[in-house]
>>> print(open('run_18.txt').read())   # compact mmCIF, C-alpha atoms (C1' of nucleotides)
# COMPACT_ATOMS: atom_id res chain seq x y z
CA MET E 1241 -12.46 6.36 8.37
CA SER E 1242 -13.10 7.66 11.86
CA LYS E 1243 -15.93 9.88 12.94
CA GLN E 1244 -13.41 12.60 13.71
CA LEU E 1245 -11.94 12.56 10.24
CA LEU E 1246 -15.38 12.60 8.74
CA SER E 1247 -16.12 15.71 10.73
CA ILE E 1248 -13.27 17.48 9.02
CA VAL E 1249 -14.94 17.23 5.67
CA ASN E 1250 -18.55 17.13 6.87
CA PRO E 1251 -19.11 20.18 9.03
CA VAL E 1252 -22.44 20.93 10.60
CA ASP E 1253 -25.07 21.97 8.09
CA GLY E 1254 -25.73 25.65 7.79
CA GLU E 1255 -22.22 26.76 8.53
CA GLY E 1256 -21.61 27.51 4.89
CA ALA E 1257 -18.00 26.45 4.67
CA CYS E 1258 -16.24 28.40 1.95
CA CYS E 1259 -12.75 27.02 1.82
CA ALA E 1260 -10.80 23.83 2.19
CA PRO E 1261 -10.98 22.47 5.75
CA LEU E 1262 -7.21 22.57 5.89
CA VAL E 1263 -7.28 26.28 5.06
CA CYS E 1264 -10.21 27.30 7.23
CA GLU E 1265 -8.70 26.46 10.59
CA PRO E 1266 -5.65 24.70 11.96
CA LEU E 1267 -5.73 20.92 11.71
CA SER E 1268 -5.61 19.28 15.12
CA GLU E 1269 -2.81 16.92 15.94
CA ALA E 1270 -5.30 14.04 15.88
CA GLU E 1271 -6.72 15.02 12.51
CA ALA E 1272 -3.27 15.37 11.01
CA GLY E 1273 -2.37 12.02 12.50
CA GLU E 1274 -5.27 10.40 10.70
CA LEU E 1275 -4.83 12.11 7.36
CA ALA E 1276 -1.10 11.67 7.00
CA PRO E 1277 -1.18 7.86 6.61
CA LEU E 1278 -3.81 8.17 3.90
CA PHE E 1279 -1.74 10.66 1.95
CA LYS E 1280 1.34 8.56 2.56
CA ALA E 1281 -0.43 5.61 0.98
CA ILE E 1282 -0.98 7.53 -2.25
CA ALA E 1283 2.37 9.33 -2.11
CA ASP E 1284 4.11 6.84 -4.36
CA PRO E 1285 4.14 6.80 -8.15
CA VAL E 1286 3.45 3.07 -8.35
CA ARG E 1287 0.55 3.24 -5.92
CA LEU E 1288 -0.92 6.29 -7.64
CA ARG E 1289 -0.90 4.40 -10.93
CA LEU E 1290 -2.31 1.29 -9.28
CA LEU E 1291 -5.18 3.32 -7.86
CA SER E 1292 -5.80 4.94 -11.21
CA LEU E 1293 -5.59 1.65 -13.09
CA ILE E 1294 -8.05 0.02 -10.72
CA ALA E 1295 -10.46 2.95 -10.72
CA SER E 1296 -10.45 3.47 -14.45
CA HIS E 1297 -10.63 -0.20 -15.31
CA GLU E 1298 -13.80 -1.56 -16.82
CA GLY E 1299 -16.26 -2.43 -14.09
CA GLY E 1300 -14.32 -0.43 -11.54
CA GLU E 1301 -12.19 -3.39 -10.61
CA ALA E 1302 -9.03 -5.00 -11.87
CA CYS E 1303 -7.27 -8.33 -11.58
CA VAL E 1304 -3.79 -8.45 -10.10
CA CYS E 1305 -2.49 -10.02 -13.28
CA ASP E 1306 -3.59 -6.96 -15.27
CA LEU E 1307 -1.99 -4.62 -12.76
CA THR E 1308 1.31 -6.48 -12.63
CA ALA E 1309 1.52 -6.44 -16.41
CA ALA E 1310 1.39 -2.63 -16.42
CA PHE E 1311 4.67 -2.27 -14.53
CA GLU E 1312 8.23 -3.38 -14.90
CA LEU E 1313 8.22 -4.61 -11.35
CA THR E 1314 8.04 -8.07 -9.85
CA ALA E 1315 4.74 -9.51 -8.68
CA PRO E 1316 5.73 -9.41 -4.99
CA THR E 1317 6.40 -5.69 -5.27
CA ILE E 1318 2.98 -5.03 -6.77
CA SER E 1319 1.46 -7.23 -4.12
CA HIS E 1320 3.21 -5.17 -1.46
CA HIS E 1321 1.85 -1.89 -2.84
CA LEU E 1322 -1.66 -3.32 -3.07
CA LYS E 1323 -1.36 -4.36 0.56
CA VAL E 1324 -0.35 -0.85 1.57
CA LEU E 1325 -3.33 0.63 -0.25
CA LYS E 1326 -5.67 -1.93 1.26
CA GLN E 1327 -4.40 -1.43 4.81
CA ALA E 1328 -4.90 2.31 4.39
CA GLY E 1329 -8.52 1.60 3.52
CA LEU E 1330 -8.30 2.91 -0.03
CA ILE E 1331 -9.05 -0.37 -1.79
CA ASP E 1332 -10.54 -3.76 -1.08
CA SER E 1333 -10.18 -7.13 -2.76
CA GLU E 1334 -11.78 -10.50 -3.30
CA ARG E 1335 -10.61 -13.81 -4.68
CA ARG E 1336 -12.62 -15.36 -7.48
CA GLY E 1337 -11.27 -18.73 -8.39
CA THR E 1338 -7.73 -18.35 -9.57
CA TRP E 1339 -7.67 -14.58 -9.71
CA VAL E 1340 -7.86 -11.79 -7.16
CA TYR E 1341 -9.71 -8.59 -7.96
CA TYR E 1342 -9.24 -5.15 -6.42
CA TRP E 1343 -11.56 -2.13 -6.39
CA LEU E 1344 -11.63 1.34 -4.85
CA ASN E 1345 -13.43 1.81 -1.58
CA PRO E 1346 -16.01 4.45 -2.40
CA GLY E 1347 -15.75 7.91 -0.89
CA VAL E 1348 -12.23 7.78 0.46
CA LEU E 1349 -10.56 9.63 -2.40
CA GLU E 1350 -13.36 12.17 -2.43
CA ARG E 1351 -12.85 12.86 1.27
CA LEU E 1352 -9.14 13.37 0.79
CA SER E 1353 -9.92 15.68 -2.08
CA ALA E 1354 -12.31 17.60 0.11
CA VAL E 1355 -9.67 18.17 2.77
CA LEU E 1356 -7.38 19.90 0.28
CA GLY E 1357 -9.87 21.75 -1.86
CA PRO E 1358 -12.97 23.87 -1.64
CA ARG E 1359 -16.20 22.13 -0.77
CA VAL E 1360 -18.08 20.67 -3.68
CA THR E 1361 -20.48 18.24 -2.03
CA ALA E 1362 -23.53 20.44 -2.48
CA ALA E 1363 -22.77 21.13 -6.11
CA VAL E 1364 -22.50 17.54 -7.24
CA SER E 1365 -25.05 15.81 -5.04
CA MET O 83 3.93 22.78 -11.55
CA SER O 84 4.62 21.51 -15.04
CA LYS O 85 2.45 21.97 -18.05
CA GLN O 86 1.87 18.25 -18.08
CA LEU O 87 0.57 18.14 -14.55
CA LEU O 88 -1.64 21.08 -15.24
CA SER O 89 -3.12 19.16 -18.12
CA ILE O 90 -4.22 16.45 -15.73
CA VAL O 91 -6.55 18.78 -13.95
CA ASN O 92 -7.24 21.16 -16.82
CA PRO O 93 -8.46 19.08 -19.74
CA VAL O 94 -9.46 20.61 -23.03
CA ASP O 95 -12.64 22.65 -22.77
CA GLY O 96 -15.76 20.97 -23.98
CA GLU O 97 -14.80 17.49 -22.93
CA GLY O 98 -17.16 17.67 -20.00
CA ALA O 99 -15.09 15.68 -17.53
CA CYS O 100 -17.35 14.00 -15.02
CA CYS O 101 -15.03 12.32 -12.55
CA ALA O 102 -11.67 12.67 -10.89
CA PRO O 103 -8.82 12.63 -13.41
CA LEU O 104 -7.32 9.73 -11.52
CA VAL O 105 -10.54 7.77 -11.93
CA CYS O 106 -11.30 8.69 -15.54
CA GLU O 107 -8.26 7.14 -17.13
CA PRO O 108 -4.99 5.56 -16.07
CA LEU O 109 -2.36 7.99 -14.86
CA SER O 110 0.73 7.93 -17.02
CA GLU O 111 4.07 7.07 -15.51
CA ALA O 112 5.14 10.69 -15.97
CA GLU O 113 2.03 12.10 -14.34
CA ALA O 114 2.36 9.75 -11.39
CA GLY O 115 6.01 10.70 -11.10
CA GLU O 116 5.07 14.34 -10.79
CA LEU O 117 2.17 13.91 -8.41
CA ALA O 118 3.81 11.51 -5.98
CA PRO O 119 6.39 13.99 -4.62
CA LEU O 120 3.64 16.52 -3.96
CA PHE O 121 1.57 14.01 -2.03
CA LYS O 122 4.70 12.85 -0.28
CA ALA O 123 5.32 16.39 0.88
CA ILE O 124 1.94 16.56 2.60
CA ALA O 125 2.03 12.94 3.78
CA ASP O 126 3.38 13.83 7.22
CA PRO O 127 1.37 14.93 10.24
CA VAL O 128 3.76 17.76 11.08
CA ARG O 129 3.78 19.11 7.54
CA LEU O 130 0.00 18.83 7.26
CA ARG O 131 -0.36 20.90 10.40
CA LEU O 132 2.26 23.37 9.21
CA LEU O 133 0.37 23.85 5.96
CA SER O 134 -2.88 24.28 7.84
CA LEU O 135 -1.37 26.66 10.36
CA ILE O 136 0.12 28.80 7.62
CA ALA O 137 -3.02 28.80 5.49
CA SER O 138 -5.41 29.54 8.31
CA HIS O 139 -3.22 32.18 9.94
CA GLU O 140 -4.32 35.77 9.80
CA GLY O 141 -3.18 37.33 6.55
CA GLY O 142 -2.53 33.94 5.01
CA GLU O 143 1.02 33.90 6.26
CA ALA O 144 2.83 32.92 9.42
CA CYS O 145 6.16 33.55 11.08
CA VAL O 146 8.44 30.61 11.78
CA CYS O 147 8.41 31.50 15.46
CA ASP O 148 4.64 31.03 15.58
CA LEU O 149 4.89 27.71 13.81
CA THR O 150 7.67 26.38 16.01
CA ALA O 151 5.70 27.28 19.11
CA ALA O 152 2.82 25.04 17.99
CA PHE O 153 4.90 21.88 18.15
CA GLU O 154 6.96 20.01 20.67
CA LEU O 155 9.77 19.76 18.19
CA THR O 156 13.07 21.57 17.87
CA ALA O 157 13.46 24.55 15.56
CA PRO O 158 15.75 22.68 13.14
CA THR O 159 13.11 20.00 12.70
CA ILE O 160 10.43 22.56 11.86
CA SER O 161 12.87 24.27 9.55
CA HIS O 162 13.48 20.96 7.82
CA HIS O 163 9.77 20.36 7.24
CA LEU O 164 9.28 23.88 5.92
CA LYS O 165 12.11 23.27 3.50
CA VAL O 166 10.46 20.08 2.27
CA LEU O 167 7.18 21.91 1.69
CA LYS O 168 8.95 24.76 -0.05
CA GLN O 169 10.99 22.51 -2.33
CA ALA O 170 7.80 20.72 -3.31
CA GLY O 171 6.41 24.10 -4.35
CA LEU O 172 3.63 24.15 -1.81
CA ILE O 173 4.79 27.21 0.11
CA ASP O 174 7.08 30.18 -0.30
CA SER O 175 8.83 32.44 2.17
CA GLU O 176 10.37 35.84 2.69
CA ARG O 177 12.56 37.39 5.33
CA ARG O 178 11.38 40.65 6.91
CA GLY O 179 13.95 41.94 9.33
CA THR O 180 14.48 39.41 12.06
CA TRP O 181 11.62 37.13 11.14
CA VAL O 182 10.86 34.83 8.22
CA TYR O 183 7.30 34.48 6.95
CA TYR O 184 5.76 31.60 5.03
CA TRP O 185 2.62 31.46 2.90
CA LEU O 186 0.84 28.96 0.66
CA ASN O 187 1.52 29.07 -3.04
CA PRO O 188 -1.91 29.64 -4.53
CA GLY O 189 -3.55 26.90 -6.55
CA VAL O 190 -1.30 23.98 -5.70
CA LEU O 191 -3.54 22.45 -3.04
CA GLU O 192 -6.57 22.98 -5.26
CA ARG O 193 -4.88 21.12 -8.10
CA LEU O 194 -4.01 18.21 -5.87
CA SER O 195 -7.60 18.20 -4.67
CA ALA O 196 -8.81 18.17 -8.26
CA VAL O 197 -6.74 15.11 -9.11
CA LEU O 198 -8.44 13.08 -6.38
CA GLY O 199 -11.96 14.41 -6.54
CA PRO O 200 -14.65 15.34 -9.01
CA ARG O 201 -14.14 18.46 -11.04
CA VAL O 202 -15.30 21.65 -9.37
CA THR O 203 -13.51 24.37 -11.30
CA ALA O 204 -16.55 25.45 -13.26
CA ALA O 205 -18.77 25.57 -10.20
CA VAL O 206 -16.62 27.87 -8.10
CA SER O 207 -15.03 30.10 -10.71
C1' DC B 753 -3.05 -36.88 -5.37
C1' DT B 754 -0.07 -34.30 -8.18
C1' DT B 755 1.01 -30.58 -10.80
C1' DC B 756 0.59 -26.04 -12.56
C1' DT B 757 -0.33 -21.16 -12.14
C1' DG B 758 -1.73 -16.82 -9.76
C1' DA B 759 -0.83 -14.36 -5.70
C1' DA B 760 0.95 -13.46 -1.09
C1' DT B 761 4.53 -13.88 2.49
C1' DA B 762 9.29 -13.96 4.47
C1' DG B 763 13.70 -12.29 4.64
C1' DA B 764 17.44 -9.36 2.99
C1' DT B 765 19.35 -5.03 1.37
C1' DG B 766 20.24 -0.34 -0.14
C1' DG B 767 18.38 4.09 0.10
C1' DA B 768 15.27 7.64 1.93
C1' DT B 769 13.45 10.10 6.09
C1' DG B 770 12.43 12.31 10.71
C1' DT B 771 14.68 13.89 14.56
C1' DC B 772 18.14 16.05 17.41
C1' DA B 773 22.54 18.55 19.01
C1' DA B 774 25.99 21.54 17.46
C1' DA B 775 27.54 24.97 14.47
C1' DT B 776 26.50 28.70 11.20
C1' DT B 777 24.19 32.62 9.03
C1' DA B 778 21.40 37.01 9.11
C1' DG B 779 19.61 41.18 11.17
C1' DA B 780 18.76 44.37 15.04
C1' DG B 781 20.35 47.22 18.58
C1' DC B 782 23.54 48.82 21.57
C1' DG X 848 32.47 46.01 16.32
C1' DC X 849 30.00 43.18 19.79
C1' DT X 850 26.10 40.72 21.31
C1' DC X 851 21.63 38.84 21.19
C1' DT X 852 18.00 36.45 18.88
C1' DA X 853 15.67 34.16 14.86
C1' DA X 854 16.37 30.80 11.54
C1' DT X 855 18.96 27.58 8.77
C1' DT X 856 22.60 24.25 7.83
C1' DT X 857 25.45 20.32 8.98
C1' DG X 858 26.27 15.86 10.62
C1' DA X 859 24.81 11.82 13.05
C1' DC X 860 21.58 8.26 14.09
C1' DA X 861 17.67 5.28 14.16
C1' DT X 862 13.89 4.05 11.63
C1' DC X 863 11.16 3.32 7.73
C1' DC X 864 10.47 1.91 2.91
C1' DA X 865 10.75 0.08 -1.99
C1' DT X 866 12.53 -3.59 -4.18
C1' DC X 867 14.28 -8.11 -5.02
C1' DT X 868 14.84 -13.42 -4.52
C1' DA X 869 13.16 -17.44 -2.56
C1' DT X 870 9.47 -19.64 -0.48
C1' DT X 871 4.72 -20.61 0.64
C1' DC X 872 -0.28 -20.57 0.01
C1' DA X 873 -4.70 -21.29 -2.80
C1' DG X 874 -7.36 -23.05 -6.53
C1' DA X 875 -7.87 -25.41 -10.99
C1' DA X 876 -7.18 -29.10 -13.92
C1' DG X 877 -5.31 -33.29 -15.17
>>> encode(input="run_18.txt", output="structure tokens")
Amino acid sequence: MSKQLLSIVNPVDGEGACCAPLVCEPLSEAEAGELAPLFKAIADPVRLRLLSLIASHEGGEACVCDLTAAFELTAPTISHHLKVLKQAGLIDSERRGTWVYYWLNPGVLERLSAVLGPRVTAAVS
Amino acid sequence: MSKQLLSIVNPVDGEGACCAPLVCEPLSEAEAGELAPLFKAIADPVRLRLLSLIASHEGGEACVCDLTAAFELTAPTISHHLKVLKQAGLIDSERRGTWVYYWLNPGVLERLSAVLGPRVTAAVS
DNA sequence: CTTCTGAATAGATGGATGTCAAATTAGAGC
DNA sequence: GCTCTAATTTGACATCCATCTATTCAGAAG
């Protein structure tokens, strides 16, 4: 994620942001141009479930074979959706022997959440 | 927003949810099917900026003429995007004389935020 | 080396989507 | 009633996208 996008959800300390960045002030064209592809990546029922399956899976990672089994879709289709999520920077993967495992890239979902909703960083950290 | 979707971000009291609903347990097919269209509605740079412009505008509402002026797009195109946002339930509108005003439907963005990020309801309410 | 299996790629196809120009609707004011 | 302006609708068009089948790639195990 770019420095600019980070700045959307990480304003200067002491400003006391009170509302969602998107609500506080107009999103710039550049900011919108960065955020839209991320939301587009999760704007699909299959990819939302893939993300959720991966994130909630034991160990925080899941094998492609597990994921494919959860849908009534062909393996190439699942592979395509995983590629979309990976290219958007939401997940990463690694091959271990015969199987390939996927996991969530930390922080990305939280940042998207922070764009839409009120700041929570201080409360949970 | 349906009762089911509400349940995603409003679990039974006392459960003490600690992480994003999407991360805690696998999203059901039905839940994903409800969430995806909402994310799809905001997964466009023009619509993201429209939402932000409306939300951050004085009084929490904006006239179509103001919105159109902020883009290098034709009025029908802006009208189309506003319709998409409205049909998704993100915004609502009203005609006052010659002009039409749009505003954010309260709570929807916060709920989307809550699906992706850690629970914050208790902290801010 | 060959074969088998898990996963990704290539190519094709039908359907959705963003944009515009032209036409239409809705009020305001003369 | 006419006209002017704000906004939406309609229709067309090019592009993108989700899905499939067929093929290819990568390791593992005989």
>>> atom_distance(input="run_18.txt", atom1="atom CA of E:Pro1277", atom2="atom CA of E:Leu1349")
13.1 Å
>>> interface_residues(input="run_18.txt", of="chain X", to="chain O", cutoff="12 Å", atoms="all atoms listed in the file", output="PyMOL selection string")
chain X and resi 851-857
>>> residues_around(input="run_18.txt", residues="O:Gly171", least_positions_apart="4", cutoff="9 Å", atoms="all atoms listed in the file", output="list of chain:residue names")
O:Met83, O:Leu120, O:Val166, O:Leu167, O:Leu186, O:Asn187, O:Val190
>>> residues_near_point(input="run_18.txt", point="(16.9, 8.2, 1.6)", cutoff="10 Å", atoms="all atoms listed in the file", output="list of chain:residue names")
B:DG766, B:DG767, B:DA768, B:DT769, X:DC863, X:DC864
>>> calpha_fit_and_write(input="run_18.txt", fixed="chain E", moving="chain O", output="PDB file with C-alpha atoms, keeping the file's coordinate frame")
ATOM      1  CA  MET O  83     -12.423   6.334   8.221  1.00  0.00           C
ATOM      2  CA  SER O  84     -13.095   7.592  11.719  1.00  0.00           C
ATOM      3  CA  LYS O  85     -15.929   9.780  12.796  1.00  0.00           C
ATOM      4  CA  GLN O  86     -13.422  12.479  13.573  1.00  0.00           C
ATOM      5  CA  LEU O  87     -11.950  12.501  10.110  1.00  0.00           C
ATOM      6  CA  LEU O  88     -15.382  12.548   8.619  1.00  0.00           C
ATOM      7  CA  SER O  89     -16.108  15.635  10.648  1.00  0.00           C
ATOM      8  CA  ILE O  90     -13.247  17.414   8.940  1.00  0.00           C
ATOM      9  CA  VAL O  91     -14.940  17.216   5.605  1.00  0.00           C
ATOM     10  CA  ASN O  92     -18.530  17.101   6.821  1.00  0.00           C
ATOM     11  CA  PRO O  93     -19.055  20.103   9.069  1.00  0.00           C
ATOM     12  CA  VAL O  94     -22.366  20.854  10.693  1.00  0.00           C
ATOM     13  CA  ASP O  95     -25.005  21.896   8.184  1.00  0.00           C
ATOM     14  CA  GLY O  96     -25.660  25.574   7.938  1.00  0.00           C
ATOM     15  CA  GLU O  97     -22.132  26.678   8.624  1.00  0.00           C
ATOM     16  CA  GLY O  98     -21.623  27.480   4.979  1.00  0.00           C
ATOM     17  CA  ALA O  99     -17.987  26.451   4.714  1.00  0.00           C
ATOM     18  CA  CYS O 100     -16.288  28.429   1.989  1.00  0.00           C
ATOM     19  CA  CYS O 101     -12.782  27.026   1.769  1.00  0.00           C
ATOM     20  CA  ALA O 102     -10.803  23.849   2.171  1.00  0.00           C
ATOM     21  CA  PRO O 103     -10.999  22.482   5.715  1.00  0.00           C
ATOM     22  CA  LEU O 104      -7.231  22.593   5.862  1.00  0.00           C
ATOM     23  CA  VAL O 105      -7.286  26.287   5.009  1.00  0.00           C
ATOM     24  CA  CYS O 106     -10.223  27.322   7.191  1.00  0.00           C
ATOM     25  CA  GLU O 107      -8.722  26.466  10.535  1.00  0.00           C
ATOM     26  CA  PRO O 108      -5.674  24.700  11.916  1.00  0.00           C
ATOM     27  CA  LEU O 109      -5.770  20.929  11.683  1.00  0.00           C
ATOM     28  CA  SER O 110      -5.661  19.293  15.078  1.00  0.00           C
ATOM     29  CA  GLU O 111      -2.875  16.909  15.934  1.00  0.00           C
ATOM     30  CA  ALA O 112      -5.377  14.048  15.838  1.00  0.00           C
ATOM     31  CA  GLU O 113      -6.781  15.030  12.464  1.00  0.00           C
ATOM     32  CA  ALA O 114      -3.314  15.371  10.982  1.00  0.00           C
ATOM     33  CA  GLY O 115      -2.404  12.006  12.452  1.00  0.00           C
ATOM     34  CA  GLU O 116      -5.307  10.402  10.655  1.00  0.00           C
ATOM     35  CA  LEU O 117      -4.859  12.132   7.329  1.00  0.00           C
ATOM     36  CA  ALA O 118      -1.113  11.682   6.980  1.00  0.00           C
ATOM     37  CA  PRO O 119      -1.185   7.874   6.587  1.00  0.00           C
ATOM     38  CA  LEU O 120      -3.799   8.186   3.854  1.00  0.00           C
ATOM     39  CA  PHE O 121      -1.722  10.694   1.928  1.00  0.00           C
ATOM     40  CA  LYS O 122       1.332   8.580   2.567  1.00  0.00           C
ATOM     41  CA  ALA O 123      -0.415   5.637   0.969  1.00  0.00           C
ATOM     42  CA  ILE O 124      -0.959   7.547  -2.266  1.00  0.00           C
ATOM     43  CA  ALA O 125       2.396   9.344  -2.113  1.00  0.00           C
ATOM     44  CA  ASP O 126       4.136   6.820  -4.361  1.00  0.00           C
ATOM     45  CA  PRO O 127       4.152   6.778  -8.151  1.00  0.00           C
ATOM     46  CA  VAL O 128       3.464   3.047  -8.337  1.00  0.00           C
ATOM     47  CA  ARG O 129       0.558   3.223  -5.912  1.00  0.00           C
ATOM     48  CA  LEU O 130      -0.894   6.274  -7.652  1.00  0.00           C
ATOM     49  CA  ARG O 131      -0.873   4.386 -10.924  1.00  0.00           C
ATOM     50  CA  LEU O 132      -2.300   1.283  -9.276  1.00  0.00           C
ATOM     51  CA  LEU O 133      -5.167   3.320  -7.863  1.00  0.00           C
ATOM     52  CA  SER O 134      -5.765   4.930 -11.229  1.00  0.00           C
ATOM     53  CA  LEU O 135      -5.563   1.645 -13.090  1.00  0.00           C
ATOM     54  CA  ILE O 136      -8.035   0.023 -10.731  1.00  0.00           C
ATOM     55  CA  ALA O 137     -10.439   2.958 -10.742  1.00  0.00           C
ATOM     56  CA  SER O 138     -10.416   3.474 -14.476  1.00  0.00           C
ATOM     57  CA  HIS O 139     -10.616  -0.219 -15.340  1.00  0.00           C
ATOM     58  CA  GLU O 140     -13.789  -1.546 -16.853  1.00  0.00           C
ATOM     59  CA  GLY O 141     -16.247  -2.410 -14.113  1.00  0.00           C
ATOM     60  CA  GLY O 142     -14.310  -0.392 -11.571  1.00  0.00           C
ATOM     61  CA  GLU O 143     -12.188  -3.355 -10.631  1.00  0.00           C
ATOM     62  CA  ALA O 144      -9.031  -5.003 -11.873  1.00  0.00           C
ATOM     63  CA  CYS O 145      -7.271  -8.328 -11.568  1.00  0.00           C
ATOM     64  CA  VAL O 146      -3.806  -8.430 -10.047  1.00  0.00           C
ATOM     65  CA  CYS O 147      -2.487 -10.000 -13.230  1.00  0.00           C
ATOM     66  CA  ASP O 148      -3.578  -6.955 -15.227  1.00  0.00           C
ATOM     67  CA  LEU O 149      -1.977  -4.617 -12.739  1.00  0.00           C
ATOM     68  CA  THR O 150       1.307  -6.497 -12.597  1.00  0.00           C
ATOM     69  CA  ALA O 151       1.531  -6.470 -16.372  1.00  0.00           C
ATOM     70  CA  ALA O 152       1.435  -2.654 -16.399  1.00  0.00           C
ATOM     71  CA  PHE O 153       4.691  -2.321 -14.496  1.00  0.00           C
ATOM     72  CA  GLU O 154       8.261  -3.430 -14.841  1.00  0.00           C
ATOM     73  CA  LEU O 155       8.226  -4.652 -11.289  1.00  0.00           C
ATOM     74  CA  THR O 156       8.029  -8.106  -9.772  1.00  0.00           C
ATOM     75  CA  ALA O 157       4.728  -9.546  -8.588  1.00  0.00           C
ATOM     76  CA  PRO O 158       5.718  -9.415  -4.900  1.00  0.00           C
ATOM     77  CA  THR O 159       6.412  -5.705  -5.210  1.00  0.00           C
ATOM     78  CA  ILE O 160       2.992  -5.035  -6.727  1.00  0.00           C
ATOM     79  CA  SER O 161       1.450  -7.222  -4.072  1.00  0.00           C
ATOM     80  CA  HIS O 162       3.209  -5.169  -1.424  1.00  0.00           C
ATOM     81  CA  HIS O 163       1.860  -1.889  -2.797  1.00  0.00           C
ATOM     82  CA  LEU O 164      -1.656  -3.289  -3.027  1.00  0.00           C
ATOM     83  CA  LYS O 165      -1.384  -4.324   0.591  1.00  0.00           C
ATOM     84  CA  VAL O 166      -0.345  -0.811   1.588  1.00  0.00           C
ATOM     85  CA  LEU O 167      -3.322   0.673  -0.250  1.00  0.00           C
ATOM     86  CA  LYS O 168      -5.668  -1.874   1.266  1.00  0.00           C
ATOM     87  CA  GLN O 169      -4.421  -1.367   4.817  1.00  0.00           C
ATOM     88  CA  ALA O 170      -4.898   2.365   4.382  1.00  0.00           C
ATOM     89  CA  GLY O 171      -8.518   1.638   3.485  1.00  0.00           C
ATOM     90  CA  LEU O 172      -8.290   2.942  -0.041  1.00  0.00           C
ATOM     91  CA  ILE O 173      -9.055  -0.326  -1.810  1.00  0.00           C
ATOM     92  CA  ASP O 174     -10.563  -3.711  -1.101  1.00  0.00           C
ATOM     93  CA  SER O 175     -10.202  -7.086  -2.758  1.00  0.00           C
ATOM     94  CA  GLU O 176     -11.825 -10.442  -3.312  1.00  0.00           C
ATOM     95  CA  ARG O 177     -10.671 -13.761  -4.662  1.00  0.00           C
ATOM     96  CA  ARG O 178     -12.702 -15.320  -7.485  1.00  0.00           C
ATOM     97  CA  GLY O 179     -11.323 -18.699  -8.381  1.00  0.00           C
ATOM     98  CA  THR O 180      -7.762 -18.334  -9.529  1.00  0.00           C
ATOM     99  CA  TRP O 181      -7.712 -14.566  -9.692  1.00  0.00           C
ATOM    100  CA  VAL O 182      -7.891 -11.771  -7.133  1.00  0.00           C
ATOM    101  CA  TYR O 183      -9.739  -8.558  -7.951  1.00  0.00           C
ATOM    102  CA  TYR O 184      -9.259  -5.118  -6.438  1.00  0.00           C
ATOM    103  CA  TRP O 185     -11.560  -2.098  -6.409  1.00  0.00           C
ATOM    104  CA  LEU O 186     -11.630   1.380  -4.881  1.00  0.00           C
ATOM    105  CA  ASN O 187     -13.441   1.866  -1.618  1.00  0.00           C
ATOM    106  CA  PRO O 188     -16.037   4.487  -2.455  1.00  0.00           C
ATOM    107  CA  GLY O 189     -15.755   7.944  -0.957  1.00  0.00           C
ATOM    108  CA  VAL O 190     -12.235   7.809   0.423  1.00  0.00           C
ATOM    109  CA  LEU O 191     -10.557   9.639  -2.453  1.00  0.00           C
ATOM    110  CA  GLU O 192     -13.359  12.196  -2.485  1.00  0.00           C
ATOM    111  CA  ARG O 193     -12.843  12.886   1.208  1.00  0.00           C
ATOM    112  CA  LEU O 194      -9.135  13.373   0.748  1.00  0.00           C
ATOM    113  CA  SER O 195      -9.911  15.696  -2.138  1.00  0.00           C
ATOM    114  CA  ALA O 196     -12.313  17.636   0.058  1.00  0.00           C
ATOM    115  CA  VAL O 197      -9.681  18.205   2.726  1.00  0.00           C
ATOM    116  CA  LEU O 198      -7.379  19.919   0.229  1.00  0.00           C
ATOM    117  CA  GLY O 199      -9.855  21.764  -1.927  1.00  0.00           C
ATOM    118  CA  PRO O 200     -12.953  23.898  -1.692  1.00  0.00           C
ATOM    119  CA  ARG O 201     -16.157  22.203  -0.705  1.00  0.00           C
ATOM    120  CA  VAL O 202     -18.079  20.647  -3.568  1.00  0.00           C
ATOM    121  CA  THR O 203     -20.423  18.219  -1.854  1.00  0.00           C
ATOM    122  CA  ALA O 204     -23.496  20.375  -2.255  1.00  0.00           C
ATOM    123  CA  ALA O 205     -22.816  21.073  -5.910  1.00  0.00           C
ATOM    124  CA  VAL O 206     -22.525  17.482  -7.069  1.00  0.00           C
ATOM    125  CA  SER O 207     -24.954  15.694  -4.785  1.00  0.00           C
TER     126      SER O 207
END
>>> atom_distance(input="run_18.txt", atom1="atom CA of E:Glu1350", atom2="atom CA of O:Ala196")
9.5 Å
>>> closest_residue(input="run_18.txt", among="O:Lys122, O:Glu116, O:Ala102, O:Gln169", to="chain E", atoms="all atoms listed in the file")
O:Lys122
>>> build_atoms(input="run_18.txt", residues="stretch 171-176 of chain O", atoms="N, CA and C atoms", output="PDB file, keeping the file's coordinate frame")
ATOM      1  N   GLY O 171       7.159  23.036  -3.691  1.00  0.00           N
ATOM      2  CA  GLY O 171       6.410  24.100  -4.350  1.00  0.00           C
ATOM      3  C   GLY O 171       5.099  24.433  -3.685  1.00  0.00           C
ATOM      4  N   LEU O 172       4.895  23.906  -2.488  1.00  0.00           N
ATOM      5  CA  LEU O 172       3.630  24.150  -1.810  1.00  0.00           C
ATOM      6  C   LEU O 172       3.605  25.494  -1.104  1.00  0.00           C
ATOM      7  N   ILE O 173       4.746  25.936  -0.610  1.00  0.00           N
ATOM      8  CA  ILE O 173       4.790  27.210   0.110  1.00  0.00           C
ATOM      9  C   ILE O 173       5.970  28.034  -0.385  1.00  0.00           C
ATOM     10  N   ASP O 174       5.956  29.311  -0.012  1.00  0.00           N
ATOM     11  CA  ASP O 174       7.080  30.180  -0.300  1.00  0.00           C
ATOM     12  C   ASP O 174       7.340  31.020   0.942  1.00  0.00           C
ATOM     13  N   SER O 175       8.476  31.713   0.952  1.00  0.00           N
ATOM     14  CA  SER O 175       8.830  32.440   2.170  1.00  0.00           C
ATOM     15  C   SER O 175       9.588  33.716   1.830  1.00  0.00           C
ATOM     16  N   GLU O 176       9.679  34.571   2.843  1.00  0.00           N
ATOM     17  CA  GLU O 176      10.370  35.840   2.690  1.00  0.00           C
ATOM     18  C   GLU O 176      10.857  36.277   4.059  1.00  0.00           C
TER      19      GLU O 176
END
